[in-house]
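Below: run.cif (mmCIF, C-alpha atoms and all ligand atoms)
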```
data_protein
#
loop_
_atom_site.group_PDB
_atom_site.id
_atom_site.type_symbol
_atom_site.label_atom_id
_atom_site.label_comp_id
_atom_site.auth_asym_id
_atom_site.auth_seq_id
_atom_site.Cartn_x
_atom_site.Cartn_y
_atom_site.Cartn_z
ATOM 1 C CA MET X 1 27.661 89.773 81.497
ATOM 2 C CA ALA X 2 24.957 92.452 81.510
ATOM 3 C CA LYS X 3 22.289 92.099 84.167
ATOM 4 C CA SER X 4 19.037 90.985 82.590
ATOM 5 C CA GLN X 5 15.788 92.403 83.879
ATOM 6 C CA LYS X 6 13.564 89.522 82.852
ATOM 7 C CA SER X 7 15.641 86.531 83.894
ATOM 8 C CA TYR X 8 15.896 84.983 87.309
ATOM 9 C CA GLN X 9 19.167 85.311 89.227
ATOM 10 C CA LYS X 10 19.285 83.605 92.591
ATOM 11 C CA VAL X 11 20.516 85.827 95.398
ATOM 12 C CA ASP X 12 23.122 84.295 97.738
ATOM 13 C CA LEU X 13 21.026 83.485 100.836
ATOM 14 C CA LYS X 14 24.065 84.036 103.076
ATOM 15 C CA LEU X 15 24.034 87.723 102.096
ATOM 16 C CA LEU X 16 20.532 88.046 103.548
ATOM 17 C CA GLU X 17 21.704 87.222 107.098
ATOM 18 C CA GLY X 18 18.687 85.014 107.762
ATOM 19 C CA GLY X 19 16.245 87.562 106.364
ATOM 20 C CA LYS X 20 17.597 90.653 108.158
ATOM 21 C CA LYS X 21 18.222 92.024 104.662
ATOM 22 C CA LEU X 22 16.079 91.554 101.562
ATOM 23 C CA PRO X 23 16.406 92.589 97.906
ATOM 24 C CA LEU X 24 14.042 95.573 97.652
ATOM 25 C CA VAL X 25 12.443 96.520 94.328
ATOM 26 C CA GLU X 26 10.272 99.329 95.649
ATOM 27 C CA SER X 27 8.223 100.383 98.648
ATOM 28 C CA PHE X 28 5.333 102.813 98.615
ATOM 29 C CA TYR X 29 2.206 103.828 100.505
ATOM 30 C CA SER X 30 -0.918 103.156 98.466
ATOM 31 C CA ILE X 31 -4.313 101.435 98.569
ATOM 32 C CA GLN X 32 -4.714 97.647 98.563
ATOM 33 C CA GLY X 33 -6.005 97.266 95.024
ATOM 34 C CA GLU X 34 -6.801 93.542 95.008
ATOM 35 C CA GLY X 35 -8.583 90.851 96.905
ATOM 36 C CA HIS X 36 -10.654 90.762 100.068
ATOM 37 C CA HIS X 37 -9.056 93.925 101.539
ATOM 38 C CA THR X 38 -9.457 96.041 98.405
ATOM 39 C CA GLY X 39 -9.754 99.740 99.173
ATOM 40 C CA LYS X 40 -7.798 99.746 102.435
ATOM 41 C CA PRO X 41 -4.705 101.947 102.731
ATOM 42 C CA ALA X 42 -1.527 99.874 102.941
ATOM 43 C CA TYR X 43 2.213 100.269 102.673
ATOM 44 C CA PHE X 44 3.689 97.966 99.990
ATOM 45 C CA ILE X 45 7.064 96.255 100.194
ATOM 46 C CA ARG X 46 8.053 94.611 96.896
ATOM 47 C CA VAL X 47 10.811 92.035 97.361
ATOM 48 C CA GLY X 48 12.986 91.143 94.336
ATOM 49 C CA GLY X 49 13.411 87.657 92.867
ATOM 50 C CA CYS X 50 10.996 85.186 91.284
ATOM 51 C CA ASP X 51 11.718 82.071 89.201
ATOM 52 C CA ILE X 52 8.095 81.186 88.370
ATOM 53 C CA ALA X 53 7.919 83.199 85.136
ATOM 54 C CA CYS X 54 4.179 83.692 84.599
ATOM 55 C CA HIS X 55 4.009 85.007 81.017
ATOM 56 C CA TRP X 56 1.458 87.690 82.009
ATOM 57 C CA CYS X 57 3.261 88.828 85.188
ATOM 58 C CA ASP X 58 2.797 92.568 85.725
ATOM 59 C CA SER X 59 5.912 92.773 87.933
ATOM 60 C CA LYS X 60 8.632 91.347 85.650
ATOM 61 C CA ILE X 61 10.954 94.123 86.826
ATOM 62 C CA SER X 62 11.150 92.199 90.107
ATOM 63 C CA TRP X 63 12.233 88.817 88.690
ATOM 64 C CA ASN X 64 15.982 89.301 88.810
ATOM 65 C CA ALA X 65 16.899 89.833 92.474
ATOM 66 C CA ASP X 66 20.393 90.896 91.406
ATOM 67 C CA MET X 67 18.970 94.116 89.985
ATOM 68 C CA HIS X 68 17.769 95.313 93.374
ATOM 69 C CA PRO X 69 19.708 96.500 96.444
ATOM 70 C CA LEU X 70 19.841 94.456 99.646
ATOM 71 C CA VAL X 71 18.153 96.626 102.265
ATOM 72 C CA SER X 72 17.910 95.875 105.996
ATOM 73 C CA VAL X 73 14.412 95.144 107.295
ATOM 74 C CA ASP X 74 15.036 97.837 109.970
ATOM 75 C CA GLU X 75 15.445 100.418 107.231
ATOM 76 C CA ILE X 76 12.401 99.135 105.330
ATOM 77 C CA VAL X 77 10.156 99.209 108.405
ATOM 78 C CA ASN X 78 11.465 102.663 109.417
ATOM 79 C CA GLN X 79 10.149 103.915 106.072
ATOM 80 C CA VAL X 80 6.726 102.466 106.950
ATOM 81 C CA LEU X 81 6.788 104.287 110.298
ATOM 82 C CA ASN X 82 7.227 107.618 108.486
ATOM 83 C CA THR X 83 3.686 107.158 107.104
ATOM 84 C CA PRO X 84 0.304 106.763 108.861
ATOM 85 C CA ALA X 85 0.043 103.198 107.457
ATOM 86 C CA ARG X 86 -1.600 100.632 109.761
ATOM 87 C CA SER X 87 -1.118 97.724 107.322
ATOM 88 C CA VAL X 88 1.780 96.451 105.244
ATOM 89 C CA VAL X 89 1.524 94.253 102.146
ATOM 90 C CA VAL X 90 4.654 92.207 101.438
ATOM 91 C CA THR X 91 4.766 91.174 97.783
ATOM 92 C CA GLY X 92 7.247 90.696 94.982
ATOM 93 C CA GLY X 93 8.629 88.927 93.129
ATOM 94 C CA GLU X 94 8.064 85.861 95.240
ATOM 95 C CA PRO X 95 8.703 86.917 98.848
ATOM 96 C CA ALA X 96 8.408 83.368 100.218
ATOM 97 C CA MET X 97 11.703 82.488 98.491
ATOM 98 C CA TYR X 98 13.350 84.221 101.457
ATOM 99 C CA PRO X 99 13.274 83.852 105.245
ATOM 100 C CA LEU X 100 10.542 86.288 106.258
ATOM 101 C CA ASN X 101 10.651 85.923 110.062
ATOM 102 C CA PRO X 102 12.637 89.116 110.755
ATOM 103 C CA LEU X 103 10.464 91.289 108.484
ATOM 104 C CA SER X 104 7.105 89.893 109.633
ATOM 105 C CA THR X 105 8.106 90.128 113.309
ATOM 106 C CA LEU X 106 9.363 93.694 113.043
ATOM 107 C CA ILE X 107 6.190 94.892 111.312
ATOM 108 C CA ARG X 108 4.018 93.339 114.032
ATOM 109 C CA ARG X 109 6.220 94.629 116.844
ATOM 110 C CA ASN X 110 5.236 98.108 115.653
ATOM 111 C CA ASN X 111 1.522 97.214 115.932
ATOM 112 C CA ILE X 112 1.080 97.188 112.185
ATOM 113 C CA SER X 113 -0.847 94.375 110.456
ATOM 114 C CA ASN X 114 1.115 92.360 107.915
ATOM 115 C CA PHE X 115 -0.357 90.873 104.752
ATOM 116 C CA LEU X 116 1.509 88.516 102.416
ATOM 117 C CA GLU X 117 1.002 88.053 98.655
ATOM 118 C CA SER X 118 2.496 84.756 97.485
ATOM 119 C CA SER X 119 2.178 82.088 94.815
ATOM 120 C CA GLY X 120 2.531 79.575 97.655
ATOM 121 C CA ALA X 121 5.191 77.652 95.738
ATOM 122 C CA TYR X 122 7.782 78.060 98.514
ATOM 123 C CA GLU X 123 7.522 77.381 102.241
ATOM 124 C CA ILE X 124 6.086 80.481 103.894
ATOM 125 C CA THR X 125 8.000 81.560 106.988
ATOM 126 C CA GLY X 126 7.041 84.237 109.516
ATOM 127 C CA GLN X 127 3.812 85.168 111.277
ATOM 128 C CA TRP X 128 1.158 86.805 109.110
ATOM 129 C CA ASP X 129 -2.198 88.464 109.771
ATOM 130 C CA TRP X 130 -3.375 87.654 106.256
ATOM 131 C CA ILE X 131 -1.997 85.318 103.609
ATOM 132 C CA CYS X 132 -3.171 85.552 100.005
ATOM 133 C CA ILE X 133 -2.166 82.571 97.873
ATOM 134 C CA SER X 134 -2.369 82.995 94.106
ATOM 135 C CA PRO X 135 -1.543 79.580 92.554
ATOM 136 C CA LYS X 136 0.459 79.447 89.350
ATOM 137 C CA HIS X 137 0.582 76.894 86.504
ATOM 138 C CA ASN X 138 4.395 76.837 86.325
ATOM 139 C CA LYS X 139 4.961 75.930 89.987
ATOM 140 C CA HIS X 140 2.082 74.715 92.111
ATOM 141 C CA PRO X 141 1.459 75.855 95.688
ATOM 142 C CA LEU X 142 2.544 73.690 98.633
ATOM 143 C CA LYS X 143 -0.203 71.902 100.563
ATOM 144 C CA GLN X 144 0.764 73.472 103.903
ATOM 145 C CA ASN X 145 0.560 76.980 102.400
ATOM 146 C CA LEU X 146 -2.913 76.348 100.980
ATOM 147 C CA GLU X 147 -4.068 75.075 104.382
ATOM 148 C CA ARG X 148 -3.081 78.357 106.070
ATOM 149 C CA ALA X 149 -4.330 80.675 103.296
ATOM 150 C CA ASP X 150 -6.855 83.369 104.283
ATOM 151 C CA GLU X 151 -7.509 84.152 100.637
ATOM 152 C CA LEU X 152 -7.200 82.166 97.401
ATOM 153 C CA LYS X 153 -6.881 84.485 94.398
ATOM 154 C CA ILE X 154 -6.901 82.872 90.960
ATOM 155 C CA VAL X 155 -5.872 84.907 87.931
ATOM 156 C CA ILE X 156 -8.235 84.178 85.041
ATOM 157 C CA PHE X 157 -6.336 84.378 81.756
ATOM 158 C CA SER X 158 -8.407 81.845 79.797
ATOM 159 C CA GLN X 159 -11.455 79.606 80.149
ATOM 160 C CA SER X 160 -9.388 76.694 81.542
ATOM 161 C CA ASP X 161 -8.478 78.803 84.589
ATOM 162 C CA PHE X 162 -11.960 78.213 86.026
ATOM 163 C CA ASP X 163 -11.065 74.502 86.367
ATOM 164 C CA PHE X 164 -7.673 75.518 87.756
ATOM 165 C CA ALA X 165 -9.517 77.577 90.395
ATOM 166 C CA GLU X 166 -11.756 74.648 91.399
ATOM 167 C CA GLN X 167 -8.690 72.404 91.740
ATOM 168 C CA TRP X 168 -7.200 74.655 94.445
ATOM 169 C CA LYS X 169 -10.492 75.382 96.193
ATOM 170 C CA LYS X 170 -10.466 71.754 97.408
ATOM 171 C CA GLU X 171 -7.185 72.339 99.280
ATOM 172 C CA VAL X 172 -7.982 75.481 101.280
ATOM 173 C CA SER X 173 -9.807 75.815 104.603
ATOM 174 C CA ALA X 174 -13.594 76.218 104.739
ATOM 175 C CA ASP X 175 -13.368 79.922 105.693
ATOM 176 C CA CYS X 176 -10.774 80.890 103.073
ATOM 177 C CA LYS X 177 -12.030 83.738 100.826
ATOM 178 C CA LEU X 178 -12.301 82.619 97.197
ATOM 179 C CA LEU X 179 -11.506 85.230 94.544
ATOM 180 C CA LEU X 180 -11.246 85.276 90.775
ATOM 181 C CA GLN X 181 -9.161 88.102 89.277
ATOM 182 C CA PRO X 182 -9.094 88.838 85.544
ATOM 183 C CA GLU X 183 -5.652 88.826 83.949
ATOM 184 C CA TYR X 184 -5.326 92.505 83.100
ATOM 185 C CA SER X 185 -4.754 92.219 79.320
ATOM 186 C CA GLN X 186 -7.676 89.767 78.972
ATOM 187 C CA PHE X 187 -10.148 91.880 80.933
ATOM 188 C CA LYS X 188 -12.592 92.539 78.068
ATOM 189 C CA LYS X 189 -12.711 88.885 77.059
ATOM 190 C CA MET X 190 -12.758 87.243 80.497
ATOM 191 C CA ALA X 191 -14.772 89.689 82.646
ATOM 192 C CA PRO X 192 -18.189 88.738 81.163
ATOM 193 C CA LEU X 193 -17.380 85.015 81.589
ATOM 194 C CA MET X 194 -16.310 85.677 85.179
ATOM 195 C CA VAL X 195 -19.552 87.489 85.953
ATOM 196 C CA GLU X 196 -21.580 84.495 84.721
ATOM 197 C CA TYR X 197 -19.285 82.059 86.559
ATOM 198 C CA VAL X 198 -19.609 83.849 89.900
ATOM 199 C CA LYS X 199 -23.395 84.120 89.539
ATOM 200 C CA ALA X 200 -23.518 80.341 89.022
ATOM 201 C CA HIS X 201 -20.865 79.577 91.699
ATOM 202 C CA PRO X 202 -21.578 82.145 94.424
ATOM 203 C CA GLU X 203 -18.857 80.888 96.753
ATOM 204 C CA TRP X 204 -16.447 82.764 94.440
ATOM 205 C CA ASN X 205 -16.144 86.586 94.366
ATOM 206 C CA ILE X 206 -14.537 88.858 91.770
ATOM 207 C CA SER X 207 -11.351 90.802 92.497
ATOM 208 C CA LEU X 208 -10.334 93.621 90.138
ATOM 209 C CA GLN X 209 -6.897 95.247 90.160
ATOM 210 C CA SER X 210 -8.549 98.488 91.221
ATOM 211 C CA HIS X 211 -5.249 100.388 91.615
ATOM 212 C CA LYS X 212 -4.806 100.155 87.832
ATOM 213 C CA TYR X 213 -8.159 101.890 87.311
ATOM 214 C CA LEU X 214 -7.350 104.465 90.033
ATOM 215 C CA ASP X 215 -3.979 105.016 88.313
ATOM 216 C CA ILE X 216 -2.001 104.581 91.516
ATOM 217 C CA PRO X 217 0.914 102.162 92.184
HETATM 218 C C1 LIG X 301 3.141 90.305 91.094
HETATM 219 S S1 LIG X 301 2.454 89.071 92.133
HETATM 220 C C2 LIG X 301 3.675 88.963 93.444
HETATM 221 C C3 LIG X 301 3.349 87.944 94.508
HETATM 222 C C4 LIG X 301 3.494 86.475 94.123
HETATM 223 N N1 LIG X 301 4.615 86.222 93.297
HETATM 224 C C5 LIG X 301 2.224 85.982 93.451
HETATM 225 O O1 LIG X 301 2.246 85.800 92.233
HETATM 226 O O2 LIG X 301 1.238 85.803 94.159
HETATM 227 C C6 LIG X 301 1.099 89.908 92.967
HETATM 228 C C7 LIG X 301 -0.298 89.537 92.528
HETATM 229 O O3 LIG X 301 -0.528 90.041 91.220
HETATM 230 C C8 LIG X 301 -1.191 89.060 90.457
HETATM 231 N N2 LIG X 301 -0.913 89.389 89.049
HETATM 232 C C9 LIG X 301 0.299 89.494 88.473
HETATM 233 N N3 LIG X 301 0.191 89.852 87.172
HETATM 234 C C10 LIG X 301 -1.128 89.976 86.925
HETATM 235 C C11 LIG X 301 -1.889 90.326 85.763
HETATM 236 N N4 LIG X 301 -1.287 90.587 84.587
HETATM 237 N N5 LIG X 301 -3.231 90.375 85.864
HETATM 238 C C12 LIG X 301 -3.843 90.099 87.046
HETATM 239 N N6 LIG X 301 -3.197 89.762 88.173
HETATM 240 C C13 LIG X 301 -1.845 89.705 88.115
HETATM 241 C C14 LIG X 301 -0.578 87.772 90.954
HETATM 242 O O4 LIG X 301 -1.343 86.628 90.650
HETATM 243 C C15 LIG X 301 -0.537 88.024 92.444
HETATM 244 O O5 LIG X 301 -1.774 87.720 93.036
HETATM 245 N N1 LIG X 302 -2.226 99.072 94.909
HETATM 246 C C1 LIG X 302 -1.744 97.837 94.762
HETATM 247 N N2 LIG X 302 -2.378 96.798 95.333
HETATM 248 C C2 LIG X 302 -1.804 95.578 95.205
HETATM 249 N N3 LIG X 302 -2.228 94.414 95.764
HETATM 250 C C3 LIG X 302 -1.358 93.447 95.453
HETATM 251 C C4 LIG X 302 -0.335 93.988 94.678
HETATM 252 C C5 LIG X 302 0.862 93.220 94.285
HETATM 253 O O1 LIG X 302 1.563 93.582 93.348
HETATM 254 O O2 LIG X 302 1.101 92.202 94.946
HETATM 255 C C6 LIG X 302 -0.617 95.341 94.502
HETATM 256 C C7 LIG X 302 0.008 96.446 93.853
HETATM 257 O O3 LIG X 302 1.013 96.355 93.135
HETATM 258 N N4 LIG X 302 -0.587 97.666 94.040
HETATM 259 S S1 LIG X 303 4.734 84.172 90.693
HETATM 260 FE FE1 LIG X 303 4.087 86.310 90.972
HETATM 261 S S2 LIG X 303 5.950 87.574 90.670
HETATM 262 FE FE2 LIG X 303 6.407 85.494 89.975
HETATM 263 S S3 LIG X 303 6.076 85.612 87.759
HETATM 264 FE FE3 LIG X 303 4.140 84.886 88.678
HETATM 265 S S4 LIG X 303 2.921 86.741 89.093
HETATM 266 FE FE4 LIG X 303 5.033 87.400 88.687
HETATM 267 MG MG MG X 304 0.807 94.456 91.581
#
```
Would you kindly transcribe this structure into structure tokens?
Ligand SMILES: C[S@@+](CC[C@H](N)C(=O)[O-])C[C@H]1O[C@@H](n2cnc3c(N)ncnc32)[C@H](O)[C@@H]1O
Ligand SMILES: Nc1nc2[nH]cc(C(=O)O)c2c(=O)[nH]1
Ligand code: SF4
Ligand SMILES: [Mg+2]
Amino acid sequence: MAKSQKSYQKVDLKLLEGGKKLPLVESFYSIQGEGHHTGKPAYFIRVGGCDIACHWCDSKISWNADMHPLVSVDEIVNQVLNTPARSVVVTGGEPAMYPLNPLSTLIRRNNISNFLESSGAYEITGQWDWICISPKHNKHPLKQNLERADELKIVIFSQSDFDFAEQWKKEVSADCKLLLQPEYSQFKKMAPLMVEYVKAHPEWNISLQSHKYLDIP
């Protein structure tokens, strides 16, 4: 059967040797485009595999883990060390589907900060300097992940997502950064509503996917 790009194929966890290897979609040195740390240089590690299937996902290429090679975390982190990067963003796909202890530990052992981007729908393993949770309608985040989130980033696709955002705000810590991010294709429609919402609810801030405007990965 041909490998499908846009369908989820579960990777055999045994092949990952407890997280010493991970399916790697891509890795690149760029600028954190989203969220509280927008504008900071960071090395990105995009892990393959996600079964959550957000219809507007901008990383559908990553859904099928089978499409991407298993790469050792040593090799991945060695690539980081060939750059001046001081921070690493681990994203996907849904990276929390995998044991992340070996990767998170190795990044930190090299005195590099590690940031995680996750839907929060799976138990997050590893030690992280910054956890961004972006809750999804298809599979809700786990309570324990919300409690340890440094940043809550809600994608605003339609008006009802403002209520969705308020629902998750109740579950995060008092110092968690609260961000609303326009779904990219709905920018023109939702951005003006978001501006009014944030002016009326100043605990929320706006996050734009600035890398898309800078035309960088
Ligand atoms: C591709 S996801 C990977 C990490 C994880 N699966 C998650 O969803 O948080 C990275 C970030 O991009 C956001 N995102 C994905 N597609 C988007 C889109 N079309 N517009 C705005 N944000 C998007 C997600 O909500 C998430 O915060
Ligand atoms: N520049 C840049 N910043 C990002 N922040 C989060 C991203 C992601 O896909 O998780 C991302 C991304 O894909 N590119
Ligand atoms: S959870 Fe993240 S990677 Fe998975 S489909 Fe949604 S946006 Fe894409
Ligand atoms: Mg992205």
key: Residues within 9 Å of ligand LIG 302 (chain X), counting only C-alpha atoms and all ligand atoms, as JSON, numbers by chain   = {"X": [29, 30, 31, 32, 33, 34, 35, 37, 38, 39, 41, 42, 44, 45, 46, 58, 59, 89, 90, 91, 92, 93, 116, 117, 118, 209, 210, 211, 212, 214, 216, 217]}
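Within 10 Å of Tyr184 (chain X), once all atoms listed in the file are used and residues closer than 4 positions along the same chain are dropped, the contacting residues are Trp56, Cys57, Asp58, Val155, Ile156, Phe157, Lys188, Met190, Ala191, Leu208, Gln209 and Lys212 of chain X.
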ask   = How would you write, as a ChimeraX atom specification, the set of residues no farther than 10 Å from ligand LIG 303 (chain X) when counting all atoms listed in the file?
value = /X:6,8,46-63,91-95,117-121,134-140,155
Pull C-alpha atoms from the residues just selected and write them as a PDB file, in the frame of the given file.
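So result-v3.pdb came out as:
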```pdb
ATOM      1  CA  LYS X   6      13.564  89.522  82.852  1.00  0.00           C
ATOM      2  CA  TYR X   8      15.896  84.983  87.309  1.00  0.00           C
ATOM      3  CA  ARG X  46       8.053  94.611  96.896  1.00  0.00           C
ATOM      4  CA  VAL X  47      10.811  92.035  97.361  1.00  0.00           C
ATOM      5  CA  GLY X  48      12.986  91.143  94.336  1.00  0.00           C
ATOM      6  CA  GLY X  49      13.411  87.657  92.867  1.00  0.00           C
ATOM      7  CA  CYS X  50      10.996  85.186  91.284  1.00  0.00           C
ATOM      8  CA  ASP X  51      11.718  82.071  89.201  1.00  0.00           C
ATOM      9  CA  ILE X  52       8.095  81.186  88.370  1.00  0.00           C
ATOM     10  CA  ALA X  53       7.919  83.199  85.136  1.00  0.00           C
ATOM     11  CA  CYS X  54       4.179  83.692  84.599  1.00  0.00           C
ATOM     12  CA  HIS X  55       4.009  85.007  81.017  1.00  0.00           C
ATOM     13  CA  TRP X  56       1.458  87.690  82.009  1.00  0.00           C
ATOM     14  CA  CYS X  57       3.261  88.828  85.188  1.00  0.00           C
ATOM     15  CA  ASP X  58       2.797  92.568  85.725  1.00  0.00           C
ATOM     16  CA  SER X  59       5.912  92.773  87.933  1.00  0.00           C
ATOM     17  CA  LYS X  60       8.632  91.347  85.650  1.00  0.00           C
ATOM     18  CA  ILE X  61      10.954  94.123  86.826  1.00  0.00           C
ATOM     19  CA  SER X  62      11.150  92.199  90.107  1.00  0.00           C
ATOM     20  CA  TRP X  63      12.233  88.817  88.690  1.00  0.00           C
ATOM     21  CA  THR X  91       4.766  91.174  97.783  1.00  0.00           C
ATOM     22  CA  GLY X  92       7.247  90.696  94.982  1.00  0.00           C
ATOM     23  CA  GLY X  93       8.629  88.927  93.129  1.00  0.00           C
ATOM     24  CA  GLU X  94       8.064  85.861  95.240  1.00  0.00           C
ATOM     25  CA  PRO X  95       8.703  86.917  98.848  1.00  0.00           C
ATOM     26  CA  GLU X 117       1.002  88.053  98.655  1.00  0.00           C
ATOM     27  CA  SER X 118       2.496  84.756  97.485  1.00  0.00           C
ATOM     28  CA  SER X 119       2.178  82.088  94.815  1.00  0.00           C
ATOM     29  CA  GLY X 120       2.531  79.575  97.655  1.00  0.00           C
ATOM     30  CA  ALA X 121       5.191  77.652  95.738  1.00  0.00           C
ATOM     31  CA  SER X 134      -2.369  82.995  94.106  1.00  0.00           C
ATOM     32  CA  PRO X 135      -1.543  79.580  92.554  1.00  0.00           C
ATOM     33  CA  LYS X 136       0.459  79.447  89.350  1.00  0.00           C
ATOM     34  CA  HIS X 137       0.582  76.894  86.504  1.00  0.00           C
ATOM     35  CA  ASN X 138       4.395  76.837  86.325  1.00  0.00           C
ATOM     36  CA  LYS X 139       4.961  75.930  89.987  1.00  0.00           C
ATOM     37  CA  HIS X 140       2.082  74.715  92.111  1.00  0.00           C
ATOM     38  CA  VAL X 155      -5.872  84.907  87.931  1.00  0.00           C
TER      39      VAL X 155
END
```
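We find atom O5 of ligand LIG 301 (chain X) and CA of Gln144 (chain X) to be spaced 18.1 Å apart.
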task = Would you translate the PyMOL selection byres (((chain X and resi 149) around 8) and not hetatm) into the concrete set of residues it matches in this file, as a PyMOL selection string?
result = chain X and resi 130-133+145-148+150-152+172-173+176
task = Report the residues retrieved by the PyMOL selection byres (((chain X and resi 19) around 8) and not hetatm) from the displayed file, expressed as number ranges by chain.
result = X: 16-18, 20-22, 73, 98-103
message = Could you list, as a ChimeraX atom specification, every residue matched by the PyMOL selection byres (((chain X and resi 194) around 12) and not hetatm) in this structure?
response = /X:154-162,165,179-183,186-193,195-202,204-208
task = Kindly give the distance, in Å, that separates CA of Asp12 (chain X) and atom N4 of ligand LIG 301 (chain X), rounded to a single decimal.
result =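 Taking CA of Asp12 (chain X) and atom N4 of ligand LIG 301 (chain X), their separation equals 28.4 Å.
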request  = Around the point (6.3, 85.5, 109.8) in the file's coordinates, collect all residues with an atom within 7 Å, using all atoms listed in the file, and return them as JSON, numbers by chain.
outcome  = {"X": [100, 101, 104, 105, 125, 126, 127, 128]}
Restricting the output to C-alpha atoms, write the selected residues as a tab-separated table (two decimals), keeping the file's coordinate frame.
```tsv
chain	number	residue	atom	x	y	z
X	100	LEU	CA	10.54	86.29	106.26
X	101	ASN	CA	10.65	85.92	110.06
X	104	SER	CA	7.10	89.89	109.63
X	105	THR	CA	8.11	90.13	113.31
X	125	THR	CA	8.00	81.56	106.99
X	126	GLY	CA	7.04	84.24	109.52
X	127	GLN	CA	3.81	85.17	111.28
X	128	TRP	CA	1.16	86.80	109.11
```
query = Given the choices X:Phe28, X:Trp168, X:Asp74, X:Asn110, which gets closest to ligand MG 304 (chain X) if the distance is worked out from only C-alpha atoms and all ligand atoms?
reply =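 Among the listed residues, the smallest separation from ligand MG 304 (chain X) belongs to X:Phe28.
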message = So, with only C-alpha atoms and all ligand atoms as the atoms that count, which of X:Glu171, X:Tyr122, X:Tyr213, X:Ser185 lies closest to ligand LIG 301 (chain X)?
response =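 Among the listed residues, the smallest separation from ligand LIG 301 (chain X) belongs to X:Ser185.
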